[in-house]
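Colleague: Got a structure here, written out as structure tokens. Questions coming.
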Amino acid sequence: MAKQTTDSFPEEREEIILDVLQRQGKIRVTEVCDILSIAPSTARLLLQSMQDKGLLQRTHGGAIPVDKPEQPKSTRDFSEIENYEAKLKVARLAASTIKNGDYIAIGSGTTTYLLATCLHDRQDLTIVTDSFPVANELLHDDGITLYIAGGWIMKRNSSCRGLSAERFFKELTVDKSYCGADSINVNVGTSSVDFDPRTEICVSKCGVQRYVLVDSSKFNVRPFIDKVMKIEDIHHVITNDDVSKENIDALKASGVDVLLA
């Protein structure tokens, strides 16, 4: 199909997209950009507008006809995240510390996934990750260069694990690393429910500046046996503003910068 000019009427654009949907059953944002010669942000707005009109159904990264069921997701479903609002506040504050041109690592987990959703349309950003959901979220952003570690895939959170993933991060030094935690304790540090958190450790420590993203509930979880980072290894903790003053003071006394969402 020949590319359309950017000054075509909205109705013409909609007809073109509906024609593609009828012929192939789905369309991706990248295809919309290529066919209509428009930016990804404009393509997303166009698809959203068409969904609002009942013309199609938006999916992750594109759209399908309204009468066609969406295919099952191949990675973990993040549609129902526990403590969603608290984690989103943490993610948004973390996103504010990321500047265009940064070279960063994003670890696996729900809060870090939400961080990824806040980074669309950033420019000249390089991201390394062990998380398939994070990579899939940012795959089609033109301003982001994306690398994923590889290795065997942990089904619990769709993350890369094993020796090849560890080597990938051990050989890297990035400006900032952003990782979550299953528990954080001011005396122990961060810990993981996974029996072998060596890849998590490598992701966390590859940053010149190391950020830990935890909603306030993680301070109330007893430490797990597998430690990821000692308190002295952490530079910044981003959490909610309902964390106890005792925990905040203890973190600061250990030299940790605390950012409250």
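Naming works like this for the structure tokens: A, B, ... for the chains as they're shown, residue 1 at the start of each chain, ligands 1 onward in shown order.
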Would you list the contacts of A:Asn187 as a list in words, taking every protein, DNA or RNA residue within 9 Å and counting only C-alpha atoms, but skipping same-chain residues closer than 4 positions in sequence?

Modeller: Lys230, Ile231 and Ala250 of chain A

Colleague: Next, write the just-selected residues to a file, as a compact mmCIF listing (two decimals), in the first residue's frame, keeping N, CA and C atoms as the atom set.

Modeller:
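What follows is the written file out-v4.txt:
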# COMPACT_ATOMS: atom_id res chain seq x y z
N LYS A 230 22.71 -4.81 50.09
CA LYS A 230 22.85 -4.26 51.42
C LYS A 230 22.46 -2.78 51.39
N ILE A 231 22.09 -2.26 52.53
CA ILE A 231 21.70 -0.85 52.59
C ILE A 231 22.80 0.04 52.05
N ALA A 250 16.15 6.00 59.52
CA ALA A 250 17.16 4.94 59.50
C ALA A 250 17.84 4.86 58.14

Colleague: Enumerate the residues of stretch 170-251 of chain A with a DSSP assignment of strand (DSSP E), computed from the backbone, and present them as a count of residues only.

Modeller: 28

Colleague: Quick check, in Å to one decimal: how far apart do atom CA of A:Arg222 and atom CA of A:Glu82 lie?

Modeller: 17.8 Å

Colleague: If we count only C-alpha atoms and set the cut-off at 9 Å, which residues sit around A:Tyr178, ignoring sequence neighbours fewer than 4 positions away in its own chain? Please answer as a PyMOL selection string.

Modeller: chain A and resi 94+104-107+112+115+203-204+207+209-213

Colleague: As a PDB file with C-alpha atoms, in the first residue's frame, please: the residues near stretch 242-244 of chain A (cut-off 8 Å, only C-alpha atoms, same-chain neighbours under 4 positions excluded).

Modeller:
ATOM      1  CA  SER A 216       5.463   1.337  51.453  1.00  0.00           C
ATOM      2  CA  PHE A 219       8.775  -2.266  54.600  1.00  0.00           C
ATOM      3  CA  ILE A 248      12.980   7.142  56.735  1.00  0.00           C
TER       4      ILE A 248
END
